[in-house]
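Step one of this worksheet: look at the structure below.
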Number of protein chains: 4
Amino acid sequence: MVDVVRIGLVGCGFMGKAHSLSYRNLEAVHWPKLPRIELTRVADAIESVAREGAERYGWQSAVDDWRSVTRGTDIDLVDIVTPNDLHAEAAIDAAEHGKFVLCEKPLANSLEAAQRMYDAVAKAGVGNQVNFVFRKWPAVVLAKRLIDDGHIGAVTRFRGWYFVEDALDANQPVGWRFDKTRAGSGSIGDIGSHVIDLARYLAGDLSAVLARLETVVPVRPVRGSSKVLRVAVDDAADILLRFASGASGSIQTGWAAAGHRNDIGFEVAGDEGAIRFGWERANELEWYRAGAQDGLSGFQTIVVGPDHPGGDLLWPAAGLGLGYGDAFLISLGDAVNAAAGSAVSAPSFLDGLRVCEVTDAALRSADTGTWISLPARSHTGA
Amino acid sequence: MVDVVRIGLVGCGFMGKAHSLSYRNLEAVHWPKLPRIELTRVADAIESVAREGAERYGWQSAVDDWRSVTRGTDIDLVDIVTPNDLHAEAAIDAAEHGKFVLCEKPLANSLEAAQRMYDAVAKAGVGNQVNFVFRKWPAVVLAKRLIDDGHIGAVTRFRGWYFVEDALDANQPVGWRFDKTRAGSGSIGDIGSHVIDLARYLAGDLSAVLARLETVVPVRPVRGSSKVLRVAVDDAADILLRFASGASGSIQTGWAAAGHRNDIGFEVAGDEGAIRFGWERANELEWYRAGAQDGLSGFQTIVVGPDHPGGDLLWPAAGLGLGYGDAFLISLGDAVNAAAGSAVSAPSFLDGLRVCEVTDAALRSADTGTWISLPARSHTGA
Amino acid sequence: MVDVVRIGLVGCGFMGKAHSLSYRNLEAVHWPKLPRIELTRVADAIESVAREGAERYGWQSAVDDWRSVTRGTDIDLVDIVTPNDLHAEAAIDAAEHGKFVLCEKPLANSLEAAQRMYDAVAKAGVGNQVNFVFRKWPAVVLAKRLIDDGHIGAVTRFRGWYFVEDALDANQPVGWRFDKTRAGSGSIGDIGSHVIDLARYLAGDLSAVLARLETVVPVRPVRGSSKVLRVAVDDAADILLRFASGASGSIQTGWAAAGHRNDIGFEVAGDEGAIRFGWERANELEWYRAGAQDGLSGFQTIVVGPDHPGGDLLWPAAGLGLGYGDAFLISLGDAVNAAAGSAVSAPSFLDGLRVCEVTDAALRSADTGTWISLPARSHTGA
Amino acid sequence: MVDVVRIGLVGCGFMGKAHSLSYRNLEAVHWPKLPRIELTRVADAIESVAREGAERYGWQSAVDDWRSVTRGTDIDLVDIVTPNDLHAEAAIDAAEHGKFVLCEKPLANSLEAAQRMYDAVAKAGVGNQVNFVFRKWPAVVLAKRLIDDGHIGAVTRFRGWYFVEDALDANQPVGWRFDKTRAGSGSIGDIGSHVIDLARYLAGDLSAVLARLETVVPVRPVRGSSKVLRVAVDDAADILLRFASGASGSIQTGWAAAGHRNDIGFEVAGDEGAIRFGWERANELEWYRAGAQDGLSGFQTIVVGPDHPGGDLLWPAAGLGLGYGDAFLISLGDAVNAAAGSAVSAPSFLDGLRVCEVTDAALRSADTGTWISLPARSHTGA
């Protein structure tokens with residue numbers, strides 16, 4: 001295990017901000033459990049963005065060519081936060097140069113690219129992690145523990161959703177997320193990938209999916225342009241799931257869901273109980289155990305705090321509450337520890353690949369209107 | 001319009017109780033808008049049940065042969081509240097004898113039976129109503145009005161659900177609802193039919209469905225018997241909907257949904273807003289209008305009261321609140337008025353037939369794993 | 001025990017409706033546990049109101065002189081639902097004529113009148129009940145049982161409230177409830193008396209109170225008149241409570257509480273847990289037990305159903321839900337049983353008197369701005 | 001306006017952590033609006049704590065004598081996060097040495113000390129701020145704006161509360177917060193001071209208070225000792241408020257409130273609407289406007305995001321959500337700006353003094369059981 005991890009960041013937009021702010025506090029928060037980190041270099045295709053990012057967040061150098069990061073001999077961990085279509089090339093290059101690779105979700109904008117990325121890290125034997133932050137969230141980790149400890153019995157049903165309103169206004173100009181060639185898919189890959197990851201994390205591998213995709217708003221103006229975009233990606237999706245365990249499930253996503261802000265959540269039902277989580281009350285978990293108390297059973301609201309996994313990261317009392325940004329403190333801390341060799345990273349690129357397999361199968365299912373089987377797995381990467 | 005409606009009830013179980021209690025108060029509640037009613041006769045296959053029902057609820061006579069009701073010359077309105085497999089014969093006989101026919105939901109346990117029932121009332125020219133009580137509920141009628149008045153823009157998505165826990169305990173003996181030959185289907189017909197009706201009521205006719213049915217608990221003991229039942233009906237269902245309007249939707253049902261009591265609800269999303277309803281807060285409706293107030297938009301919780309449709313039935317102040325039983329006061333009041341000739345009844349047998357078409361298509365879809373189209377309609381019966 | 005209870009109703013306004021509808025279904029609902037009842041006579045000062053009430057609800061006769069009820073030799077139970085200032089005279093007359101007396105809350109519009117009423121029933125030895133319906137409500141009775149069974153440990157704090165918006169509009173004409181000579185007090189007696197009763201029911205007798213009363217809207221138009229009323233009653237109140245047990249508590253009321261419809265609720269805290277109830281989710285009770293489950297404790301939401309006290313009155317499944325009107329089915333059922341001699345009635349006039357003592361002490365406290373002690377009791381009437 | 005602010009921290013416990021983590025990210029978050037800051041020195045009475053704090057959070061030097069901070073010529077802003085009894089001496093010394101003084105809440109453990117602190121900063125003419133973080137919280141600032149803009153009409157009632165469960169376990173050893181000589185008061189000063197500040201912030205200066213204090217658990221073991229403490233501070237409080245505006249209000253606090261984690265909240269009622277906030281849904285604000293929409297009015301849930309005051313600090317989408325730690329980013333940012341001379345600081349020591357006046361009056365009121373008037377103010381410091 002090394003005692004310093006030198007980090008390079010590829011991309012400096014919204015996610016660059018979230019990651020940079022976390023890195024700045026990472027050692028102090030995890031004190032004294034983390035190796036020392038250095039914010040060595042930030043790259044952005046727009047050089048001024050990289051330079052401002054460096055100045056603002058304390059990156060030691062700024063470049064416009066991401067290869068200076070992926071190939072930098074002074075870099076241990078390459079963190080990729082670009083638009084989806086740039087993940088593969090940077091991640092593969094980083095792997096080939098022996099870096100630990102952390103990549104924002106979804107792993108790639110196509111199954112083919114995801115497979116190449118996974119192959120690259122496998123071949124290079126480098127550590128790797130895909131940044132599905134929600135599965136790092138204390139209430140979600142607690143859900144996982146309750147399920148694994150048998151507190152809801154055998155899982156029978158998973159229901160997940162992610163609804164936002166961002167795309168409701170058909171007249172608001174849109175960017176790369178609506179461009180199929182760059183994003184690969186719409187809501188299903190963007191926000192749905194989080195829920196697919198949660199489904200796998202909480203209920204195991206999938207064996208088949210059936211999907212219906214919608215493009216509720218078919219034409220949109222393009223940001224920074226007078227053109228309009230004929231939208232080829234989904235802005236709403238329904239996915240039915242079959243798990244390898246025999247459990248069933250569903251995922252619903254919406255980019256134009258009126259009134260929903262960042263409404264991600266799930267319910268996992270078992271034959272003896274159930275667990276519910278919703279981001280609107282992100283520091284709580286609802287747990288139900290059937291028949292636990294004669295005539296007094298009901299969903300109980302556990303407020304996450306220092307007694308719960310990850311809940312001790314910041315505050316000494318339950319209910320003070322973590323925010324969205326704090327999720328990255330947990331996730332990036334795990335990546336740094338893994339890069340230092342002191343932990344196996346999860347979720348890995350294999351998990352990211354599995355999510356892309358599901359997304360890809362869902363896209364094909366939506367085309368054919370039929371169930372698409374996923375290959376049986378001798379093991380799970382999760 | 002007649003000034004008295006003489007009622008005969010076929011069946012005297014749980015629903016017989018709900019209907020009987022409502023009839024007893026119907027005139028007083030609707031005063032003075034309803035014709036006089038007489039509780040003329042109750043039939044139950046078990047004569048002692050019929051006799052006790054008569055004594056308890058004030059039915060003037062009790063019989064074990066339902067034909068004494070459907071053919072009684074002293075009966076104007078035949079109300080059928082038997083198990084599903086007995087609906088058709090009684091309803092058709094009542095129609096053939098010129099009665100107004102009110103039938104509990106679902107209309108029948110098969111599409112074929114539902115079609116025969118509809119044909120019978122159409123041929124006989126008698127008034128008819130299927131007792132989907134939830135679409136009579138004030139908060140739901142308010143939802144309908146808001147939608148029709150354009151308060152959420154054009155409907156784009158419908159999401160409905162009905163989850164109960166009743167069947168979670170695999171060791172609890174079960175009755176006719178789990179018997180495919182009697183019930184026709186499981187949760188999809190029993191509780192799902194309510195949501196299908198709401199989907200049609202709120203978002204219009206359906207053009208296609210895709211379903212996945214589950215039987216989470218495959219073997220159950222039979223009530224009043226030492227046998228076990230190999231369950232052939234669903235205890236959980238996912239249905240994807242396509243509406244004739246182009247809107248999309250979904251319905252989920254569960255009989256063994258841990259922690260859910262009588263959890264029926266829906267969200268209707270439009271391109272300018274959304275509406276949400278859940279039975280856990282049955283006297284409230286949540287309404288969202290995008291951009292209505294600059295930066296201040298959010299779901300607002302309307303507490304139903306005397307200013308709202310049907311909310312003036314009982315209490316002079318919002319929030320005092322109606323209960324499940326009060327739903328029947330509204331629904332049966334409508335039936336009596338229709339039987340007296342002073343109103344057209346809704347939902348009609350045609351609506352009930354449409355719901356059975358959807359259920360039937362869903363069952364076929366679950367078999368094939370593909371989308372099943374529903375015939376285009378030149379008109380809606382709703 | 002007698003086998004028929006003949007009922008006379010004094011007053012036929014909103015409460016007359018609620019009571020009459022319940023009486024009509026009382027035997028059928030409680031079947032077969034209740035004696036037979038007869039709706040013998042209804043009185044209202046406005047004869048046409050009495051006549052219409054009789055016709056509408058099935059009272060056998062209608063009179064404008066309430067003495068025909070209180071003194072009727074064909075009456076066993078006198079039920080008083082008039083404005084507060086008429087309770088005393090009618091109740092005392094009924095007692096003196098040997099009737100069981102059921103009286104709407106608050107028992108009287110002054111402590112002096114309440115005392116005379118209690119003395120009258122005590123002297124006459126007649127059964128008596130004051131109609132605090134909320135303490136009959138299944139979720140509330142369940143709360144009582146949980147407390148009595150030690151499920152929250154020793155009670156340390158009671159917090160109750162009742163907020164409505166009815167009086168927010170200063171321009172809406174008002175009736176007798178705003179007239180101090182008739183109502184005695186404002187929100188504190190009208191809606192607050194319910195909460196005082198719940199405080200006593202759930203946490204025992206009070207030993208001292210301190211109150212602050214407000215008249216937020218000091219001048220209002222009078223209904224059916226061109227006059228304005230200089231309002232002398234409170235439309236908002238804060239009451240601090242000291243219980244005989246040593247526990248402390250508070251009650252807040254508001255008639256002009258913007259956004260609150262029928263928002264009555266309470267939280268009872270103990271040294272090992274807590275219980276919460278709010279009418280907005282009237283068929284639920286929240287219960288918390290500290291340390292019950294290591295790290296998993298949280299308020300749990302019990303949905304009231306047939307397993308709970310009174311929850312079996314109507315429906316066979318939890319969550320179908322009772323409404324406001326159903327509360328009267330429970331309360332009036334108890335009164336009829338008590339009148340028939342088969343039960344002791346609760347809450348009794350002594351309970352009603354105790355509530356008036358609290359209200360009276362609160363009014364005096366608001367005048368002096370100091371704590372007012374309540375007499376120690378050798379027993380509770382509850 | 002200076003371009004660098006050199007910060008010294010006095011105290012390095014839980015609050016030292018919260019402040020230090022915020023300082024580390026302060027410039028990056030507020031970029032580019034904040035002057036440069038330096039984390040110059042941290043003091044803690046336990047030198048090893050100071051040294052570890054320096055190492056962990058990046059303070060350039062560590063000392064055990066706070067005077068090295070308050071008198072350091074290399075320090076511009078002294079931030080005091082010690083136990084309450086140490087605030088005064090350090091703050092006064094810092095003021096006398098010309099520093100900008102930021103002090104954690106409550107300003108002091110006695111009115112006398114608070115007055116001396118205020119006098120010191122006034123005499124020295126130094127900038128000053130008391131760290132009531134909740135009034136900096138976006139949802140709370142939005143509440144203030146809505147009130148000030150007339151969106152609820154004239155304020156008539158304020159209801160605030162702060163309940164935690166920390167002290168429920170009577171057997172858990174306790175520290176300085178339960179020691180009257182050090183803390184000054186119990187829950188009323190500790191958590192209640194936050195709510196008093198919110199009351200003043202949202203509804204203006206107070207003119208009188210009446211309080212009842214409780215010590216539910218009278219004896220407790222002392223942390224790090226075999227002694228027991230006879231507790232002389234309150235662990236629960238009820239305070240009735242009278243505002244200078246004529247509005248009324250109440251505050252309730254509890255340290256041993258079973259089931260409540262960090263349950264701070266308020267409702268402000270006006271004659272045309274109301275506003276509600278609770279920390280359990282910290283990123284939301286509920287707003288009600290009476291009669292705004294005919295028959296459709298109801299509390300609406302505004303999810304705070306970049307369109308709202310302070311909501312743009314971190315994330316570009318509503319609902320991603322800030323956490324407790326993020327509150328300090330806002331508050332400390334304001335202090336740094338004020339220390340640099342580019343803003344007037346709020347809440348100031350005068351606000352902190354006003355809160356102590358209320359606390360002091362409440363303590364006296366609890367002794368006498370009577371209302372205590374607060375001096376009329378020609379101006380507010382808020």
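Residues in the structure tokens are numbered from 1 in each chain, the chains being A, B, ... in the order shown, and ligands are numbered from 1 in the order shown.
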**OP:** May I have the residues within 8 Å of Phe349 in chain D as a PyMOL selection string, using only C-alpha atoms and disregarding those fewer than 4 positions away in the same chain?
**Re:** chain D and resi 107+117-118+121+128-130+353
**OP:** Find the residues of chain B in contact range of chain C, meaning any atom within 9 Å when counting only C-alpha atoms, and list them as a PyMOL selection string.
**Re:** chain B and resi 14+17-18+21-22+24-25+27-29+31-32+55-58+166+260-263+279-284+303+314-326
**OP:** Compile the contact shell of range 144-150 of chain B as an NGL selection string: residues with an atom at most 9 Å away, counting only C-alpha atoms, same-chain residues fewer than 5 positions apart removed.
**Re:** :B and (135 or 139 or 155 or 201-203 or 268 or 270 or 272 or 274-275 or 287 or 309)
**OP:** Point out the residue among A:Val174, A:Leu9, A:Asp294, A:Leu210 with the least atom-to-atom distance to Gly369 in chain B, counting only C-alpha atoms.
**Re:**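 Distance minimum relative to Gly369 in chain B lands on A:Leu210.
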Original post:
Which polymer residues have any atom within 12 Å of an atom of range 334-339 of chain B, counting only C-alpha atoms, with same-chain residues fewer than 6 positions away left out, as JSON, numbers by chain?
Top reply: {"B": [1, 2, 3, 4, 5, 6, 7, 8, 19, 22, 23, 26, 27, 30, 32, 33, 34, 35, 36, 37, 38, 39, 75, 76, 77, 78, 79, 98, 99, 100, 101, 102, 103, 104, 126, 127, 128, 129, 130, 131, 132, 133, 136, 310, 327, 328, 345, 346, 347, 348]}
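Restricting the calculation to only C-alpha atoms, the smallest distance between Asp235 in chain C and any of C:Ala143, C:Ile191, C:Ala256, C:Val219 is found for C:Ala256.
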**OP:** Write down as a PyMOL selection string the residues belonging to range 96-267 of chain D that are assigned helix (DSSP H, G or I) by DSSP computed on the backbone.
**Re:** chain D and resi 96+111-124+133-136+138-148+176-178+180-183+187-190+192-203
Can you pull out every residue within 10 Å of Pro83 in chain D, counting only C-alpha atoms, but drop anything in the same chain fewer than 5 positions away, and send it as a PDB file with N, CA, C and O atoms, in the first residue's frame?
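As written to disk, selection.pdb reads:
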```pdb
ATOM      1  N   GLY D  11     -10.962  26.539  19.714  1.00  0.00           N
ATOM      2  CA  GLY D  11     -11.763  25.343  20.000  1.00  0.00           C
ATOM      3  C   GLY D  11     -11.682  24.389  18.831  1.00  0.00           C
ATOM      4  O   GLY D  11     -11.702  24.801  17.665  1.00  0.00           O
ATOM      5  N   GLY D  13     -13.431  20.954  18.737  1.00  0.00           N
ATOM      6  CA  GLY D  13     -14.258  19.764  18.934  1.00  0.00           C
ATOM      7  C   GLY D  13     -15.138  19.534  17.713  1.00  0.00           C
ATOM      8  O   GLY D  13     -14.713  19.747  16.580  1.00  0.00           O
ATOM      9  N   MET D  15     -17.722  21.231  16.628  1.00  0.00           N
ATOM     10  CA  MET D  15     -17.927  22.452  15.844  1.00  0.00           C
ATOM     11  C   MET D  15     -16.642  22.871  15.141  1.00  0.00           C
ATOM     12  O   MET D  15     -16.672  23.447  14.057  1.00  0.00           O
ATOM     13  N   GLU D 104     -19.746  31.003  17.937  1.00  0.00           N
ATOM     14  CA  GLU D 104     -20.831  30.025  17.859  1.00  0.00           C
ATOM     15  C   GLU D 104     -21.977  30.439  18.790  1.00  0.00           C
ATOM     16  O   GLU D 104     -21.783  31.197  19.736  1.00  0.00           O
ATOM     17  N   LYS D 105     -23.108  29.884  18.534  1.00  0.00           N
ATOM     18  CA  LYS D 105     -24.301  30.167  19.340  1.00  0.00           C
ATOM     19  C   LYS D 105     -24.331  29.248  20.545  1.00  0.00           C
ATOM     20  O   LYS D 105     -23.746  28.169  20.448  1.00  0.00           O
ATOM     21  N   PRO D 106     -25.006  29.569  21.633  1.00  0.00           N
ATOM     22  CA  PRO D 106     -25.519  30.912  21.915  1.00  0.00           C
ATOM     23  C   PRO D 106     -24.355  31.840  22.207  1.00  0.00           C
ATOM     24  O   PRO D 106     -23.279  31.378  22.559  1.00  0.00           O
ATOM     25  N   ALA D 108     -23.513  33.638  24.607  1.00  0.00           N
ATOM     26  CA  ALA D 108     -22.881  33.464  25.918  1.00  0.00           C
ATOM     27  C   ALA D 108     -23.773  32.598  26.786  1.00  0.00           C
ATOM     28  O   ALA D 108     -24.904  32.293  26.428  1.00  0.00           O
ATOM     29  N   ASN D 109     -23.233  32.235  27.951  1.00  0.00           N
ATOM     30  CA  ASN D 109     -24.022  31.408  28.862  1.00  0.00           C
ATOM     31  C   ASN D 109     -24.784  32.239  29.888  1.00  0.00           C
ATOM     32  O   ASN D 109     -25.381  31.692  30.803  1.00  0.00           O
ATOM     33  N   TRP D 176     -20.456  18.918  29.480  1.00  0.00           N
ATOM     34  CA  TRP D 176     -20.639  20.293  29.950  1.00  0.00           C
ATOM     35  C   TRP D 176     -22.011  20.889  29.635  1.00  0.00           C
ATOM     36  O   TRP D 176     -22.455  21.794  30.331  1.00  0.00           O
ATOM     37  N   ARG D 177     -22.670  20.389  28.631  1.00  0.00           N
ATOM     38  CA  ARG D 177     -23.967  20.983  28.283  1.00  0.00           C
ATOM     39  C   ARG D 177     -25.002  20.830  29.395  1.00  0.00           C
ATOM     40  O   ARG D 177     -26.005  21.546  29.435  1.00  0.00           O
ATOM     41  N   ARG D 182     -21.537  26.008  33.401  1.00  0.00           N
ATOM     42  CA  ARG D 182     -20.822  26.143  32.137  1.00  0.00           C
ATOM     43  C   ARG D 182     -21.758  26.506  30.983  1.00  0.00           C
ATOM     44  O   ARG D 182     -21.425  27.337  30.141  1.00  0.00           O
ATOM     45  N   ALA D 183     -22.913  25.838  30.941  1.00  0.00           N
ATOM     46  CA  ALA D 183     -23.797  26.026  29.791  1.00  0.00           C
ATOM     47  C   ALA D 183     -24.757  27.195  29.985  1.00  0.00           C
ATOM     48  O   ALA D 183     -25.251  27.763  29.014  1.00  0.00           O
TER      49      ALA D 183
END
```
**OP:** Would you please extract all strand (DSSP E or B) residues from range 255-366 of chain C, as assigned by DSSP on the backbone, and give them as a list in words?
**Re:**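 Put together, the selection reads Asp263, Ile264, Gly265, Phe266, Glu267, Val268, Ala269, Gly270, Gly273, Ala274, Ile275, Arg276, Phe277, Gly278, Glu284, Leu285, Glu286, Trp287, Tyr288, Arg289, Phe299, Gln300, Thr301, Ile302 and Val303 of chain C.
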Write out, as a compact mmCIF listing (two decimals), in the first residue's frame, the residues just selected, with C-alpha atoms.
```
# COMPACT_ATOMS: atom_id res chain seq x y z
CA ASP C 263 -55.83 19.36 11.97
CA ILE C 264 -56.24 17.70 15.33
CA GLY C 265 -53.41 15.64 16.66
CA PHE C 266 -51.16 14.81 19.55
CA GLU C 267 -47.82 13.42 20.54
CA VAL C 268 -47.35 11.63 23.82
CA ALA C 269 -43.73 11.21 24.84
CA GLY C 270 -42.53 8.74 27.40
CA GLY C 273 -40.84 5.94 23.46
CA ALA C 274 -43.51 8.11 21.92
CA ILE C 275 -46.81 8.04 20.09
CA ARG C 276 -48.05 10.46 17.43
CA PHE C 277 -51.41 10.91 15.81
CA GLY C 278 -52.75 13.41 13.33
CA GLU C 284 -52.74 5.54 11.21
CA LEU C 285 -50.81 5.74 14.44
CA GLU C 286 -47.10 6.38 14.73
CA TRP C 287 -45.28 4.58 17.50
CA TYR C 288 -41.66 4.79 18.51
CA ARG C 289 -39.87 2.63 21.02
CA PHE C 299 -41.32 5.86 14.34
CA GLN C 300 -43.39 3.10 12.85
CA THR C 301 -46.66 3.72 11.13
CA ILE C 302 -49.38 1.34 12.26
CA VAL C 303 -52.29 1.29 9.84
```
Original post:
Could you pull the residues within 12 Å of Arg223 in chain D, counting only C-alpha atoms, minus those fewer than 4 positions along the same chain, as a list in words?
Top reply: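 Neighbouring residues, sequence-local ones excluded: Asn171, Gln172, Pro173, Val174, Gly175, Trp176, Arg177, Phe178, Asp179, Lys227, Val228 and Leu229 of chain D.
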Could you dump the residues just selected with all heavy atoms as a short mmCIF file (atom, residue, chain, number, x, y, z; two decimals), in the first residue's frame?
```
data_model
loop_
_atom_site.label_atom_id
_atom_site.label_comp_id
_atom_site.auth_asym_id
_atom_site.auth_seq_id
_atom_site.Cartn_x
_atom_site.Cartn_y
_atom_site.Cartn_z
N ASN D 171 -29.08 6.97 31.58
CA ASN D 171 -27.87 6.32 32.08
C ASN D 171 -26.61 6.68 31.29
O ASN D 171 -25.52 6.25 31.64
CB ASN D 171 -28.05 4.80 32.04
CG ASN D 171 -29.18 4.38 32.95
OD1 ASN D 171 -29.26 4.83 34.09
ND2 ASN D 171 -30.09 3.54 32.44
N GLN D 172 -26.81 7.44 30.22
CA GLN D 172 -25.66 7.80 29.42
C GLN D 172 -24.93 9.00 30.05
O GLN D 172 -25.55 10.02 30.35
CB GLN D 172 -26.12 8.16 28.01
CG GLN D 172 -25.00 8.11 27.00
CD GLN D 172 -25.51 8.46 25.61
OE1 GLN D 172 -26.69 8.71 25.41
NE2 GLN D 172 -24.60 8.49 24.65
N PRO D 173 -23.63 8.89 30.25
CA PRO D 173 -22.88 9.99 30.86
C PRO D 173 -22.97 11.25 30.01
O PRO D 173 -22.96 11.18 28.78
CB PRO D 173 -21.44 9.46 30.91
CG PRO D 173 -21.57 7.98 30.84
CD PRO D 173 -22.77 7.72 29.99
N VAL D 174 -23.01 12.38 30.69
CA VAL D 174 -23.18 13.65 29.98
C VAL D 174 -22.03 14.59 30.29
O VAL D 174 -21.31 14.41 31.28
CB VAL D 174 -24.52 14.32 30.36
CG1 VAL D 174 -25.69 13.49 29.86
CG2 VAL D 174 -24.60 14.56 31.86
N GLY D 175 -21.87 15.60 29.44
CA GLY D 175 -20.76 16.54 29.57
C GLY D 175 -21.21 17.94 29.96
O GLY D 175 -22.24 18.12 30.62
N TRP D 176 -20.46 18.92 29.48
CA TRP D 176 -20.64 20.29 29.95
C TRP D 176 -22.01 20.89 29.64
O TRP D 176 -22.45 21.79 30.33
CB TRP D 176 -19.53 21.20 29.39
CG TRP D 176 -19.57 21.40 27.90
CD1 TRP D 176 -18.89 20.70 26.97
CD2 TRP D 176 -20.32 22.39 27.19
NE1 TRP D 176 -19.16 21.15 25.71
CE2 TRP D 176 -20.04 22.20 25.81
CE3 TRP D 176 -21.20 23.40 27.56
CZ2 TRP D 176 -20.60 22.98 24.82
CZ3 TRP D 176 -21.78 24.19 26.57
CH2 TRP D 176 -21.49 23.98 25.21
N ARG D 177 -22.67 20.39 28.63
CA ARG D 177 -23.97 20.98 28.28
C ARG D 177 -25.00 20.83 29.40
O ARG D 177 -26.00 21.55 29.44
CB ARG D 177 -24.51 20.35 27.00
CG ARG D 177 -23.75 20.77 25.77
CD ARG D 177 -24.27 20.11 24.51
NE ARG D 177 -23.27 20.16 23.46
CZ ARG D 177 -23.10 21.20 22.64
NH1 ARG D 177 -23.89 22.23 22.71
NH2 ARG D 177 -22.14 21.19 21.73
N PHE D 178 -24.79 19.88 30.30
CA PHE D 178 -25.74 19.64 31.38
C PHE D 178 -25.32 20.34 32.68
O PHE D 178 -25.99 20.23 33.68
CB PHE D 178 -25.87 18.13 31.63
CG PHE D 178 -26.58 17.41 30.52
CD1 PHE D 178 -25.94 17.07 29.35
CD2 PHE D 178 -27.94 17.12 30.65
CE1 PHE D 178 -26.60 16.43 28.33
CE2 PHE D 178 -28.61 16.48 29.63
CZ PHE D 178 -27.94 16.13 28.45
N ASP D 179 -24.20 21.05 32.62
CA ASP D 179 -23.64 21.72 33.79
C ASP D 179 -24.05 23.19 33.73
O ASP D 179 -23.58 23.94 32.87
CB ASP D 179 -22.11 21.56 33.73
CG ASP D 179 -21.42 22.23 34.90
OD1 ASP D 179 -22.07 23.03 35.62
OD2 ASP D 179 -20.22 21.97 35.07
N LYS D 227 -18.96 10.13 39.20
CA LYS D 227 -19.95 10.95 39.89
C LYS D 227 -21.28 10.98 39.14
O LYS D 227 -21.35 10.65 37.97
CB LYS D 227 -19.44 12.40 40.00
CG LYS D 227 -18.21 12.56 40.88
CD LYS D 227 -17.85 14.04 40.96
CE LYS D 227 -16.48 14.22 41.59
NZ LYS D 227 -15.97 15.59 41.41
N VAL D 228 -22.30 11.41 39.87
CA VAL D 228 -23.55 11.73 39.19
C VAL D 228 -23.77 13.24 39.30
O VAL D 228 -23.25 13.90 40.21
CB VAL D 228 -24.77 10.98 39.80
CG1 VAL D 228 -24.62 9.48 39.59
CG2 VAL D 228 -24.96 11.34 41.25
N LEU D 229 -24.53 13.73 38.34
CA LEU D 229 -24.82 15.16 38.29
C LEU D 229 -26.29 15.37 38.64
O LEU D 229 -27.16 14.74 38.05
CB LEU D 229 -24.55 15.67 36.87
CG LEU D 229 -24.81 17.16 36.60
CD1 LEU D 229 -23.76 18.02 37.27
CD2 LEU D 229 -24.82 17.42 35.09
#
```
Subject >> Nearby residues (only C-alpha atoms) at most 7 Å from range 238-244 of chain C, same-chain spacing under 4 positions excluded, as JSON, numbers by chain >> reply: {"C": [204, 205, 206, 207, 208, 209, 210, 211, 212, 213, 248, 249, 250, 251, 252, 253]}
